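start.cif (mmCIF, C-alpha atoms and all ligand atoms) appears below.
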data_protein
loop_
_atom_site.label_atom_id
_atom_site.label_comp_id
_atom_site.auth_asym_id
_atom_site.auth_seq_id
_atom_site.Cartn_x
_atom_site.Cartn_y
_atom_site.Cartn_z
CA MET A 60 -230.48 81.75 -166.21
CA GLU A 61 -232.10 85.16 -166.79
CA ILE A 62 -233.73 84.96 -163.36
CA ASP A 63 -230.47 83.92 -161.81
CA ILE A 64 -228.64 87.01 -163.09
CA ASN A 65 -231.47 89.22 -161.85
CA ARG A 66 -231.23 87.69 -158.41
CA LEU A 67 -227.45 88.11 -158.37
CA ASP A 68 -227.86 91.73 -159.48
CA LEU A 69 -230.29 92.44 -156.67
CA GLU A 70 -228.08 90.79 -154.08
CA PHE A 71 -225.12 92.73 -155.41
CA GLN A 72 -226.93 96.06 -155.11
CA ALA A 73 -228.18 95.15 -151.63
CA LYS A 74 -224.61 94.46 -150.59
CA ILE A 75 -223.49 97.90 -151.77
CA ASP A 76 -226.50 99.57 -150.15
CA SER A 77 -225.66 97.97 -146.83
CA GLY A 78 -222.19 99.51 -146.97
CA LYS A 79 -220.23 96.33 -147.72
CA THR A 80 -217.29 96.58 -150.11
CA ILE A 81 -216.98 94.59 -153.31
CA GLU A 82 -213.72 92.67 -153.60
CA PRO A 83 -212.06 91.55 -156.85
CA LYS A 84 -213.04 87.87 -156.61
CA ASP A 85 -216.68 88.60 -155.66
CA TRP A 86 -219.35 88.21 -158.28
CA MET A 87 -220.08 91.53 -160.00
CA PRO A 88 -222.16 92.63 -162.99
CA GLU A 89 -220.06 92.90 -166.14
CA LYS A 90 -220.99 96.56 -166.39
CA TYR A 91 -219.64 97.24 -162.91
CA ARG A 92 -216.34 95.62 -163.87
CA LYS A 93 -216.08 97.56 -167.12
CA THR A 94 -217.06 100.88 -165.58
CA HIS A 95 -214.46 100.43 -162.86
CA ILE A 96 -211.71 99.47 -165.27
CA ARG A 97 -212.52 102.62 -167.23
CA GLN A 98 -212.71 104.93 -164.24
CA ILE A 99 -209.75 103.58 -162.25
CA SER A 100 -207.47 103.45 -165.28
CA GLN A 101 -208.47 106.96 -166.29
CA HIS A 102 -207.61 108.06 -162.78
CA ALA A 103 -204.25 106.22 -162.91
CA HIS A 104 -203.39 107.76 -166.29
CA SER A 105 -204.21 111.21 -164.88
CA GLU A 106 -201.70 110.75 -162.08
CA ILE A 107 -198.99 109.66 -164.50
CA VAL A 108 -199.65 112.29 -167.18
CA GLY A 109 -200.05 114.81 -164.36
CA MET A 110 -196.34 114.38 -163.57
CA LEU A 111 -195.41 116.04 -166.86
CA PRO A 112 -196.34 119.72 -166.36
CA GLU A 113 -194.71 119.78 -162.91
CA GLY A 114 -191.75 117.62 -163.86
CA ASN A 115 -190.91 120.34 -166.33
CA TRP A 116 -190.17 122.75 -163.44
CA ILE A 117 -188.02 120.55 -161.19
CA THR A 118 -184.76 121.80 -162.69
CA ARG A 119 -186.05 125.39 -162.69
CA ALA A 120 -187.26 125.60 -159.10
CA PRO A 121 -186.10 128.87 -157.50
CA SER A 122 -184.56 127.29 -154.37
CA MET A 123 -183.38 123.98 -152.97
CA ARG A 124 -186.41 123.87 -150.66
CA ARG A 125 -188.80 124.27 -153.58
CA LYS A 126 -186.89 121.74 -155.63
CA VAL A 127 -187.00 118.91 -153.07
CA THR A 128 -190.67 119.65 -152.44
CA LEU A 129 -191.60 119.54 -156.10
CA LEU A 130 -189.56 116.40 -156.61
CA ALA A 131 -191.34 114.71 -153.70
CA LYS A 132 -194.73 115.78 -155.00
CA VAL A 133 -194.09 114.51 -158.53
CA GLN A 134 -192.79 111.25 -157.06
CA ASP A 135 -196.00 110.93 -155.04
CA GLU A 136 -198.07 111.35 -158.20
CA GLY A 137 -196.10 108.51 -159.78
CA GLY A 138 -196.89 106.44 -156.69
CA HIS A 139 -200.58 107.31 -156.96
CA GLY A 140 -200.60 106.11 -160.53
CA LEU A 141 -199.04 102.82 -159.44
CA TYR A 142 -201.51 102.25 -156.57
CA LEU A 143 -204.33 102.79 -159.03
CA TYR A 144 -202.92 100.60 -161.81
CA SER A 145 -202.60 97.82 -159.23
CA ALA A 146 -206.19 98.30 -158.09
CA CYS A 147 -207.34 98.23 -161.70
CA GLU A 148 -205.42 95.05 -162.51
CA THR A 149 -207.37 93.15 -159.83
CA LEU A 150 -210.34 93.42 -162.23
CA GLY A 151 -208.57 91.23 -164.75
CA ILE A 152 -206.82 93.62 -167.11
CA SER A 153 -203.04 93.70 -167.53
CA ARG A 154 -200.73 96.67 -167.03
CA ASP A 155 -199.61 96.46 -170.66
CA GLU A 156 -203.21 96.61 -171.88
CA LEU A 157 -203.78 99.68 -169.71
CA PHE A 158 -200.76 101.45 -171.19
CA GLU A 159 -201.82 100.40 -174.65
CA GLN A 160 -205.22 102.06 -174.08
CA LEU A 161 -203.53 105.26 -172.95
CA HIS A 162 -201.10 105.35 -175.85
CA SER A 163 -203.71 104.61 -178.49
CA GLY A 164 -205.97 107.34 -177.14
CA LYS A 165 -208.69 104.84 -176.25
CA ALA A 166 -208.41 105.72 -172.56
CA LYS A 167 -208.72 109.30 -171.36
CA TYR A 168 -206.99 111.19 -168.58
CA SER A 169 -207.96 114.38 -166.82
CA SER A 170 -208.03 117.24 -169.33
CA ILE A 171 -206.45 119.65 -166.89
CA PHE A 172 -203.04 118.21 -167.75
CA ASN A 173 -203.43 119.31 -171.33
CA TYR A 174 -202.78 122.89 -170.23
CA PRO A 175 -199.18 124.13 -170.13
CA ALA A 176 -197.31 125.23 -166.98
CA VAL A 177 -195.55 128.31 -168.29
CA THR A 178 -194.45 130.25 -165.20
CA TRP A 179 -193.16 129.32 -161.74
CA ALA A 180 -196.43 130.60 -160.28
CA ASP A 181 -198.13 127.73 -162.11
CA MET A 182 -196.46 125.34 -159.66
CA GLY A 183 -198.31 127.24 -156.96
CA ALA A 184 -201.64 127.38 -158.78
CA VAL A 185 -201.50 123.71 -159.80
CA GLY A 186 -200.83 122.46 -156.27
CA TRP A 187 -203.41 124.77 -154.76
CA LEU A 188 -206.22 124.53 -157.34
CA VAL A 189 -205.68 121.35 -159.34
CA ASP A 190 -204.68 119.17 -156.40
CA GLY A 191 -207.33 120.96 -154.35
CA ALA A 192 -210.03 120.00 -156.84
CA ALA A 193 -208.67 116.45 -157.13
CA ILE A 194 -208.71 116.06 -153.34
CA MET A 195 -212.42 116.84 -153.15
CA ASN A 196 -213.16 114.10 -155.63
CA GLN A 197 -210.75 111.67 -153.97
CA VAL A 198 -212.05 112.22 -150.43
CA MET A 199 -215.45 111.25 -151.75
CA LEU A 200 -214.00 108.12 -153.38
CA THR A 201 -212.53 106.78 -150.12
CA ARG A 202 -216.12 105.58 -149.51
CA THR A 203 -216.65 104.03 -152.93
CA SER A 204 -217.89 100.44 -153.16
CA PHE A 205 -214.92 98.73 -154.83
CA GLY A 206 -212.48 97.78 -152.07
CA PRO A 207 -209.11 98.10 -153.86
CA TYR A 208 -210.13 101.49 -155.27
CA ALA A 209 -211.33 102.81 -151.92
CA ARG A 210 -208.16 101.63 -150.16
CA ALA A 211 -205.93 103.23 -152.79
CA MET A 212 -207.88 106.46 -152.25
CA VAL A 213 -207.26 106.42 -148.50
CA ARG A 214 -203.53 106.16 -149.11
CA ILE A 215 -203.65 108.87 -151.78
CA CYS A 216 -205.67 111.31 -149.68
CA LYS A 217 -203.14 111.08 -146.85
CA GLU A 218 -200.45 112.16 -149.28
CA GLU A 219 -202.39 114.84 -151.14
CA SER A 220 -202.71 117.32 -148.35
CA PHE A 221 -199.09 118.41 -148.57
CA HIS A 222 -199.47 118.86 -152.33
CA GLN A 223 -202.11 121.48 -151.88
CA ARG A 224 -200.37 123.19 -148.96
CA GLN A 225 -197.05 123.53 -150.76
CA GLY A 226 -198.90 125.05 -153.74
CA PHE A 227 -200.63 127.59 -151.56
CA GLU A 228 -197.32 128.43 -149.90
CA ILE A 229 -195.78 129.20 -153.30
CA MET A 230 -198.70 131.52 -154.08
CA LEU A 231 -198.40 133.16 -150.69
CA SER A 232 -194.68 133.88 -151.15
CA LEU A 233 -195.33 135.40 -154.55
CA CYS A 234 -198.18 137.51 -153.19
CA ASN A 235 -195.96 138.79 -150.41
CA GLY A 236 -193.15 139.51 -152.88
CA THR A 237 -192.56 142.24 -155.46
CA ALA A 238 -195.29 143.68 -157.66
CA VAL A 239 -193.99 141.59 -160.54
CA GLN A 240 -194.20 138.41 -158.47
CA LYS A 241 -197.70 139.19 -157.30
CA HIS A 242 -198.72 139.86 -160.87
CA MET A 243 -197.31 136.49 -161.85
CA ALA A 244 -199.49 134.84 -159.20
CA GLN A 245 -202.58 136.70 -160.38
CA GLU A 246 -201.99 135.79 -163.99
CA SER A 247 -201.54 132.15 -163.08
CA LEU A 248 -204.72 132.08 -161.00
CA ASN A 249 -206.65 133.64 -163.88
CA ARG A 250 -205.39 131.01 -166.29
CA TRP A 251 -205.97 127.95 -164.06
CA TRP A 252 -209.30 128.98 -162.56
CA TRP A 253 -211.64 127.89 -165.34
CA PRO A 254 -209.85 124.66 -166.26
CA SER A 255 -209.95 123.78 -162.53
CA LEU A 256 -213.72 124.23 -162.44
CA MET A 257 -213.98 122.04 -165.52
CA MET A 258 -212.17 119.22 -163.68
CA PHE A 259 -215.45 118.27 -162.02
CA GLY A 260 -216.87 117.30 -165.40
CA PRO A 261 -219.96 118.33 -167.36
CA ARG A 262 -223.02 119.89 -165.75
CA ASP A 263 -225.35 117.44 -164.01
CA GLU A 264 -228.01 117.69 -166.70
CA GLU A 265 -225.42 116.67 -169.31
CA SER A 266 -223.66 114.02 -167.29
CA THR A 267 -224.99 110.70 -168.52
CA HIS A 268 -223.52 108.28 -165.98
CA THR A 269 -224.45 110.06 -162.76
CA GLU A 270 -227.40 107.91 -161.69
CA GLN A 271 -225.64 104.56 -162.11
CA ALA A 272 -222.46 105.97 -160.56
CA ILE A 273 -224.37 107.09 -157.47
CA LYS A 274 -225.97 103.63 -157.12
CA TRP A 275 -222.52 102.05 -157.14
CA LYS A 276 -221.08 104.76 -154.90
CA ILE A 277 -218.49 105.76 -157.49
CA LYS A 278 -220.09 109.13 -156.95
CA LEU A 279 -221.53 110.32 -153.68
CA LYS A 280 -221.92 113.87 -154.90
CA THR A 281 -222.78 115.19 -158.35
CA ASN A 282 -220.36 117.18 -160.53
CA ASP A 283 -222.17 120.44 -159.82
CA GLU A 284 -222.27 119.84 -156.07
CA LEU A 285 -218.51 119.24 -155.96
CA ARG A 286 -217.85 122.25 -158.21
CA GLN A 287 -219.90 124.50 -155.92
CA GLN A 288 -218.07 123.14 -152.88
CA PHE A 289 -214.76 123.92 -154.57
CA VAL A 290 -215.78 127.51 -155.38
CA ASP A 291 -217.05 128.03 -151.82
CA GLN A 292 -213.83 126.81 -150.28
CA THR A 293 -211.50 128.59 -152.72
CA VAL A 294 -212.93 132.13 -152.86
CA PRO A 295 -211.93 132.96 -149.24
CA GLN A 296 -208.45 131.56 -150.01
CA ILE A 297 -208.12 133.91 -153.00
CA GLU A 298 -209.09 136.78 -150.70
CA LEU A 299 -206.54 135.64 -148.12
CA LEU A 300 -203.84 135.85 -150.78
CA GLY A 301 -205.00 139.37 -151.59
CA LEU A 302 -205.57 138.47 -155.24
CA GLU A 303 -208.40 139.63 -157.42
CA LEU A 304 -211.20 137.17 -158.14
CA PRO A 305 -210.63 135.52 -161.53
CA ASP A 306 -214.33 135.81 -162.42
CA PRO A 307 -216.26 139.09 -162.03
CA ALA A 308 -219.49 137.15 -161.54
CA ILE A 309 -218.33 135.59 -158.26
CA LYS A 310 -220.64 136.90 -155.57
CA TRP A 311 -221.89 135.57 -152.25
CA ASN A 312 -225.53 134.54 -152.51
CA GLU A 313 -227.08 134.90 -149.09
CA GLU A 314 -230.22 133.03 -150.05
CA ARG A 315 -228.41 129.95 -151.40
CA GLY A 316 -225.63 130.10 -148.83
CA HIS A 317 -223.14 129.68 -151.68
CA TYR A 318 -221.05 131.77 -154.04
CA ASP A 319 -222.55 132.40 -157.46
CA PHE A 320 -220.11 132.25 -160.33
CA GLY A 321 -220.01 132.89 -164.08
CA ALA A 322 -220.70 130.56 -166.99
CA ILE A 323 -218.10 127.95 -167.89
CA ASP A 324 -216.97 127.77 -171.50
CA TRP A 325 -218.13 124.23 -172.23
CA ASP A 326 -217.01 124.45 -175.85
CA GLU A 327 -213.46 124.74 -174.57
CA PHE A 328 -214.04 121.80 -172.25
CA TRP A 329 -215.21 119.52 -175.08
CA ARG A 330 -212.47 120.76 -177.37
CA VAL A 331 -209.79 119.72 -174.87
CA VAL A 332 -211.51 116.42 -174.05
CA GLY A 333 -211.68 115.78 -177.78
CA GLY A 334 -207.90 116.00 -178.09
CA ASN A 335 -207.45 119.61 -179.16
CA GLY A 336 -206.25 121.36 -176.03
CA PRO A 337 -202.96 123.24 -175.94
CA CYS A 338 -200.82 120.20 -174.98
CA ASN A 339 -202.76 117.00 -175.79
CA ARG A 340 -200.34 115.82 -178.47
CA GLU A 341 -197.26 116.81 -176.48
CA ARG A 342 -198.40 114.92 -173.35
CA LEU A 343 -199.28 111.75 -175.18
CA SER A 344 -196.11 111.71 -177.21
CA ALA A 345 -194.04 112.19 -174.02
CA ARG A 346 -195.74 109.11 -172.50
CA LYS A 347 -195.27 107.03 -175.64
CA GLU A 348 -191.65 108.03 -175.92
CA ALA A 349 -190.97 107.04 -172.31
CA TRP A 350 -192.65 103.67 -172.93
CA GLU A 351 -190.79 102.95 -176.15
CA LYS A 352 -187.40 104.11 -174.92
CA GLY A 353 -187.83 102.03 -171.77
CA ALA A 354 -188.57 98.83 -173.67
CA TRP A 355 -184.97 97.60 -173.69
CA VAL A 356 -184.76 98.06 -169.90
CA ARG A 357 -187.90 95.98 -169.33
CA GLU A 358 -186.61 93.28 -171.66
CA ALA A 359 -183.09 93.22 -170.22
CA ALA A 360 -184.32 93.00 -166.61
CA LEU A 361 -186.57 90.10 -167.48
CA ALA A 362 -183.84 88.29 -169.43
CA TYR A 363 -181.47 88.73 -166.47
CA ALA A 364 -184.09 87.42 -164.01
CA GLU A 365 -184.78 84.39 -166.20
CA LYS A 366 -181.09 83.65 -166.52
CA GLN A 367 -180.54 83.86 -162.76
CA GLU A 368 -183.53 81.59 -162.24
CA SER A 369 -182.20 78.95 -164.62
CA LEU A 370 -178.74 79.12 -163.02
CA ARG A 371 -180.34 78.49 -159.62
CA GLU A 372 -182.29 75.55 -160.98
CA ALA A 373 -179.13 74.06 -162.52
CA VAL A 374 -177.35 73.95 -159.13
CA MET B 1256 -191.08 90.64 -176.42
CA LYS B 1257 -194.61 90.89 -175.09
CA LYS B 1258 -194.04 89.52 -171.62
CA GLU B 1259 -194.86 91.64 -168.59
CA TRP B 1260 -192.84 91.73 -165.42
CA PRO B 1261 -194.65 89.50 -162.93
CA VAL B 1262 -196.85 90.93 -160.16
CA TRP B 1263 -195.75 90.72 -156.51
CA GLU B 1264 -197.94 91.26 -153.47
CA VAL B 1265 -196.41 93.59 -150.91
CA PHE B 1266 -196.73 93.17 -147.14
CA ILE B 1267 -195.38 95.78 -144.76
CA ARG B 1268 -194.61 95.76 -141.04
CA SER B 1269 -195.33 99.35 -140.06
CA ARG B 1270 -193.61 99.25 -136.65
CA SER B 1271 -191.60 96.72 -134.75
CA GLY B 1272 -193.94 94.41 -132.85
CA LEU B 1273 -196.76 94.56 -135.42
CA ASP B 1274 -197.77 92.02 -138.09
CA HIS B 1275 -196.98 92.51 -141.74
CA ARG B 1276 -200.07 93.82 -143.52
CA HIS B 1277 -200.99 93.72 -147.17
CA ALA B 1278 -200.19 97.11 -148.76
CA GLY B 1279 -200.75 96.50 -152.47
CA SER B 1280 -198.75 95.11 -155.35
CA VAL B 1281 -195.89 95.97 -157.69
CA HIS B 1282 -194.49 94.68 -160.95
CA ALA B 1283 -190.86 93.56 -160.94
CA ALA B 1284 -188.56 91.26 -162.90
CA ASP B 1285 -187.26 89.51 -159.78
CA ALA B 1286 -187.55 89.44 -156.00
CA LYS B 1287 -184.81 91.96 -155.38
CA MET B 1288 -186.38 94.47 -157.72
CA ALA B 1289 -189.78 93.77 -156.18
CA LEU B 1290 -188.40 94.76 -152.76
CA GLU B 1291 -186.86 97.93 -154.15
CA ASN B 1292 -190.02 98.90 -156.00
CA ALA B 1293 -192.14 98.17 -152.93
CA ARG B 1294 -189.83 100.41 -150.90
CA ASP B 1295 -190.26 103.26 -153.40
CA VAL B 1296 -193.98 102.85 -153.91
CA TYR B 1297 -195.24 102.03 -150.42
CA THR B 1298 -192.78 103.50 -147.91
CA ARG B 1299 -191.95 107.02 -149.03
CA ARG B 1300 -192.90 108.32 -145.58
CA GLN B 1301 -191.39 105.69 -143.30
CA GLU B 1302 -194.54 103.57 -143.40
CA GLY B 1303 -192.52 100.46 -142.74
CA VAL B 1304 -189.60 98.77 -140.99
CA SER B 1305 -189.83 95.51 -142.93
CA ILE B 1306 -191.22 94.38 -146.29
CA TRP B 1307 -192.25 90.99 -147.64
CA VAL B 1308 -192.85 90.46 -151.35
CA VAL B 1309 -194.58 87.33 -152.64
CA PRO B 1310 -195.25 86.41 -156.28
CA SER B 1311 -199.00 86.94 -156.71
CA ALA B 1312 -199.19 83.69 -158.63
CA SER B 1313 -198.08 81.81 -155.50
CA ILE B 1314 -201.05 82.90 -153.43
CA THR B 1315 -203.97 80.53 -153.06
CA ALA B 1316 -207.09 82.42 -152.05
CA SER B 1317 -210.36 81.13 -150.67
CA ASP B 1318 -213.31 81.42 -153.02
CA PRO B 1319 -215.91 84.01 -151.93
CA GLU B 1320 -218.63 81.64 -153.21
CA GLU B 1321 -217.54 79.13 -150.58
CA GLY B 1322 -217.49 81.71 -147.81
CA GLY B 1323 -220.53 80.17 -146.20
CA GLU B 1324 -219.17 76.63 -145.98
CA LEU B 1325 -215.83 77.88 -144.75
CA PHE B 1326 -216.78 80.41 -142.14
CA GLU B 1327 -220.35 79.84 -141.06
CA PRO B 1328 -219.68 76.69 -138.99
CA ALA B 1329 -217.94 78.97 -136.44
CA LYS B 1330 -221.01 81.16 -136.12
CA ASP B 1331 -222.99 79.05 -133.62
CA LYS B 1332 -220.00 78.21 -131.44
CA VAL B 1333 -220.56 81.03 -129.01
CA TYR B 1334 -219.06 78.90 -126.22
CA ARG B 1335 -215.66 79.72 -127.71
CA HIS B 1336 -216.01 83.27 -126.39
CA PRO B 1337 -215.43 84.26 -122.74
CA THR B 1338 -218.71 86.18 -122.54
CA PHE B 1339 -220.65 82.90 -122.95
CA TYR B 1340 -219.99 81.95 -119.33
CA ASP B 1341 -222.20 83.28 -116.51
CA LEU B 1342 -220.10 84.11 -113.53
CA PRO B 1343 -220.77 86.28 -110.45
CA ASP B 1344 -219.81 89.97 -110.63
CA GLU B 1345 -217.78 89.63 -107.43
CA LEU B 1346 -215.35 87.38 -109.23
CA THR B 1347 -212.28 89.39 -110.16
CA HIS B 1348 -209.05 88.76 -112.05
CA MET B 1349 -210.70 86.45 -114.56
FE FE C 1 -202.20 112.37 -156.93
FE FE C 2 -201.36 115.47 -155.83
#
Show me, as structure tokens, the structure contained in the file I just sent.
Ligand SMILES: [Fe+2]
Ligand SMILES: [Fe+2]
Amino acid sequence: MEIDINRLDLEFQAKIDSGKTIEPKDWMPEKYRKTHIRQISQHAHSEIVGMLPEGNWITRAPSMRRKVTLLAKVQDEGGHGLYLYSACETLGISRDELFEQLHSGKAKYSSIFNYPAVTWADMGAVGWLVDGAAIMNQVMLTRTSFGPYARAMVRICKEESFHQRQGFEIMLSLCNGTAVQKHMAQESLNRWWWPSLMMFGPRDEESTHTEQAIKWKIKLKTNDELRQQFVDQTVPQIELLGLELPDPAIKWNEERGHYDFGAIDWDEFWRVVGGNGPCNRERLSARKEAWEKGAWVREAALAYAEKQESLREAV
Amino acid sequence: MKKEWPVWEVFIRSRSGLDHRHAGSVHAADAKMALENARDVYTRRQEGVSIWVVPSASITASDPEEGGELFEPAKDKVYRHPTFYDLPDELTHM
């Protein structure tokens, strides 16, 4: 039996190495299943919780154009959550269990959504930086080994590009506006910059799962590689907006061919991950409230469907 | 009440003339709601002109373990392909 599992493990890894995808009904190591349930559900929860800071601004958008855009973006994020919950359920966990894990705090979601969106400029900075950082991770995941996850990522990536562009457009308008508007953009950039860099996760030397994740192609680049790529792509965009760099240590390093940047406050990172960011409690209680207040709708719809079914059978 | 809405598989015809293709799945209490949810989740950008929804529980799938028995017998039947036949280059319209 022992030998059999070893052989299956080797065949499984060989399949991934040769670029084949793993499908839900294929044999897989228990650890692969568990890791994927954890990662995909965490990703799904992030999309759903991520609707909250932006949803807050839909009724406050400064124009009709901005309002329909923001509404469409938030709706997309809801869709992304649903694609991912579906992908996760193919691994044999139910939607209710997934929600239960979110509500009990057992499952995590991206810490970035535990920061508040306090000005209109935050709608710009979130689309530009937060979606921008998420896109880099998600583009990488279109080539991950688990088929349903990779396919959900392809769909999501197609939709993300407008999210980032509309965010940048908001920043651009503010930067081309009055001094007060430009200041609002600068202040927002300064606040979102560091949490955005933290989105890529702990430094490589502290990231425990990297090696296994690379073997399974859940990761094709390390946290630090993606973070550097993000800084390199974003600094010229900050300059294009005519804003000041949010970190005085940002400097082009000719030798490395990359921008250097300052030290991240990892204590803050762990504090927020641990549940003590500015909005952790607020976000979770908003999700729980939506779930509890929606219970009667779920029950009524099911009761109605069952009644219709039994009426049909009686005919 | 601890019962979940059932899962439905969603198939979408992206343009007229094409086959329906599997897009993903949704939860819904009944078929009508499944169609509406599929519309909202999978066709926000005109990705479809027609949707099928099928209760996931109604699908019978082949077992990957039996893939060999099912599909390998076709492997050595190269004579089912047009390229198997040696014909002169001068021959046209065939
Ligand atoms: Fe998203
Ligand atoms: Fe997005």
- Check every residue of chain B for an atom within 12 Å of chain A, counting only C-alpha atoms, and provide those that qualify as an MDAnalysis selection string. chainID B and resid 1256:1265 1277:1289 1292:1300 1302 1311 1316:1322
Take the residues just selected and output them with C-alpha atoms as a PDB file, keeping the file's coordinate frame.
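See out-v9.pdb below for the written result:
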ATOM      1  CA  MET B1256    -191.080  90.640-176.420  1.00  0.00           C
ATOM      2  CA  LYS B1257    -194.610  90.890-175.090  1.00  0.00           C
ATOM      3  CA  LYS B1258    -194.040  89.520-171.620  1.00  0.00           C
ATOM      4  CA  GLU B1259    -194.860  91.640-168.590  1.00  0.00           C
ATOM      5  CA  TRP B1260    -192.840  91.730-165.420  1.00  0.00           C
ATOM      6  CA  PRO B1261    -194.650  89.500-162.930  1.00  0.00           C
ATOM      7  CA  VAL B1262    -196.850  90.930-160.160  1.00  0.00           C
ATOM      8  CA  TRP B1263    -195.750  90.720-156.510  1.00  0.00           C
ATOM      9  CA  GLU B1264    -197.940  91.260-153.470  1.00  0.00           C
ATOM     10  CA  VAL B1265    -196.410  93.590-150.910  1.00  0.00           C
ATOM     11  CA  HIS B1277    -200.990  93.720-147.170  1.00  0.00           C
ATOM     12  CA  ALA B1278    -200.190  97.110-148.760  1.00  0.00           C
ATOM     13  CA  GLY B1279    -200.750  96.500-152.470  1.00  0.00           C
ATOM     14  CA  SER B1280    -198.750  95.110-155.350  1.00  0.00           C
ATOM     15  CA  VAL B1281    -195.890  95.970-157.690  1.00  0.00           C
ATOM     16  CA  HIS B1282    -194.490  94.680-160.950  1.00  0.00           C
ATOM     17  CA  ALA B1283    -190.860  93.560-160.940  1.00  0.00           C
ATOM     18  CA  ALA B1284    -188.560  91.260-162.900  1.00  0.00           C
ATOM     19  CA  ASP B1285    -187.260  89.510-159.780  1.00  0.00           C
ATOM     20  CA  ALA B1286    -187.550  89.440-156.000  1.00  0.00           C
ATOM     21  CA  LYS B1287    -184.810  91.960-155.380  1.00  0.00           C
ATOM     22  CA  MET B1288    -186.380  94.470-157.720  1.00  0.00           C
ATOM     23  CA  ALA B1289    -189.780  93.770-156.180  1.00  0.00           C
ATOM     24  CA  ASN B1292    -190.020  98.900-156.000  1.00  0.00           C
ATOM     25  CA  ALA B1293    -192.140  98.170-152.930  1.00  0.00           C
ATOM     26  CA  ARG B1294    -189.830 100.410-150.900  1.00  0.00           C
ATOM     27  CA  ASP B1295    -190.260 103.260-153.400  1.00  0.00           C
ATOM     28  CA  VAL B1296    -193.980 102.850-153.910  1.00  0.00           C
ATOM     29  CA  TYR B1297    -195.240 102.030-150.420  1.00  0.00           C
ATOM     30  CA  THR B1298    -192.780 103.500-147.910  1.00  0.00           C
ATOM     31  CA  ARG B1299    -191.950 107.020-149.030  1.00  0.00           C
ATOM     32  CA  ARG B1300    -192.900 108.320-145.580  1.00  0.00           C
ATOM     33  CA  GLU B1302    -194.540 103.570-143.400  1.00  0.00           C
ATOM     34  CA  SER B1311    -199.000  86.940-156.710  1.00  0.00           C
ATOM     35  CA  ALA B1316    -207.090  82.420-152.050  1.00  0.00           C
ATOM     36  CA  SER B1317    -210.360  81.130-150.670  1.00  0.00           C
ATOM     37  CA  ASP B1318    -213.310  81.420-153.020  1.00  0.00           C
ATOM     38  CA  PRO B1319    -215.910  84.010-151.930  1.00  0.00           C
ATOM     39  CA  GLU B1320    -218.630  81.640-153.210  1.00  0.00           C
ATOM     40  CA  GLU B1321    -217.540  79.130-150.580  1.00  0.00           C
ATOM     41  CA  GLY B1322    -217.490  81.710-147.810  1.00  0.00           C
TER      42      GLY B1322
END
- Contacts to ligand FE 1 (chain C) at 10 Å cut-off (all atoms listed in the file) as a PyMOL selection string: chain A and resi 102-103+105-107+109-110+132-140+189-190+193-194+197+212+215-216+218-220+222
- For Gln225 of chain A, work out the shell of residues within 8 Å, counting all atoms listed in the file and skipping chain neighbours fewer than 5 positions away, then give it as a list in words.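 That gives Thr128, Gly183, Gly186 and Trp187 of chain A.
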- Message: Between A:Asn196, A:Gln101, A:Asn115, A:Ser163, which residue has the minimum interatomic distance to ligand FE 2 (chain C), considering all atoms listed in the file?
- Response: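 That would be A:Asn196, the residue with the smallest distance to ligand FE 2 (chain C).
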- Item | Residue with smallest distance to Lys280 of chain A - pool A:Gln98, A:Gln72, A:Ser122, A:Thr203, counting only C-alpha atoms | A:Thr203
- So how many Å separate atom CA of Arg342 of chain A and atom CA of Glu246 of chain A, to one decimal?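 Result for atom CA of Arg342 of chain A versus atom CA of Glu246 of chain A: 23.2 Å, one decimal.
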- Tell me, as a PyMOL selection string, which residues lie within 12 Å of Pro1337 of chain B, counting all atoms listed in the file; anything in the same chain fewer than 5 positions away does not count. chain B and resi 1332+1342+1349
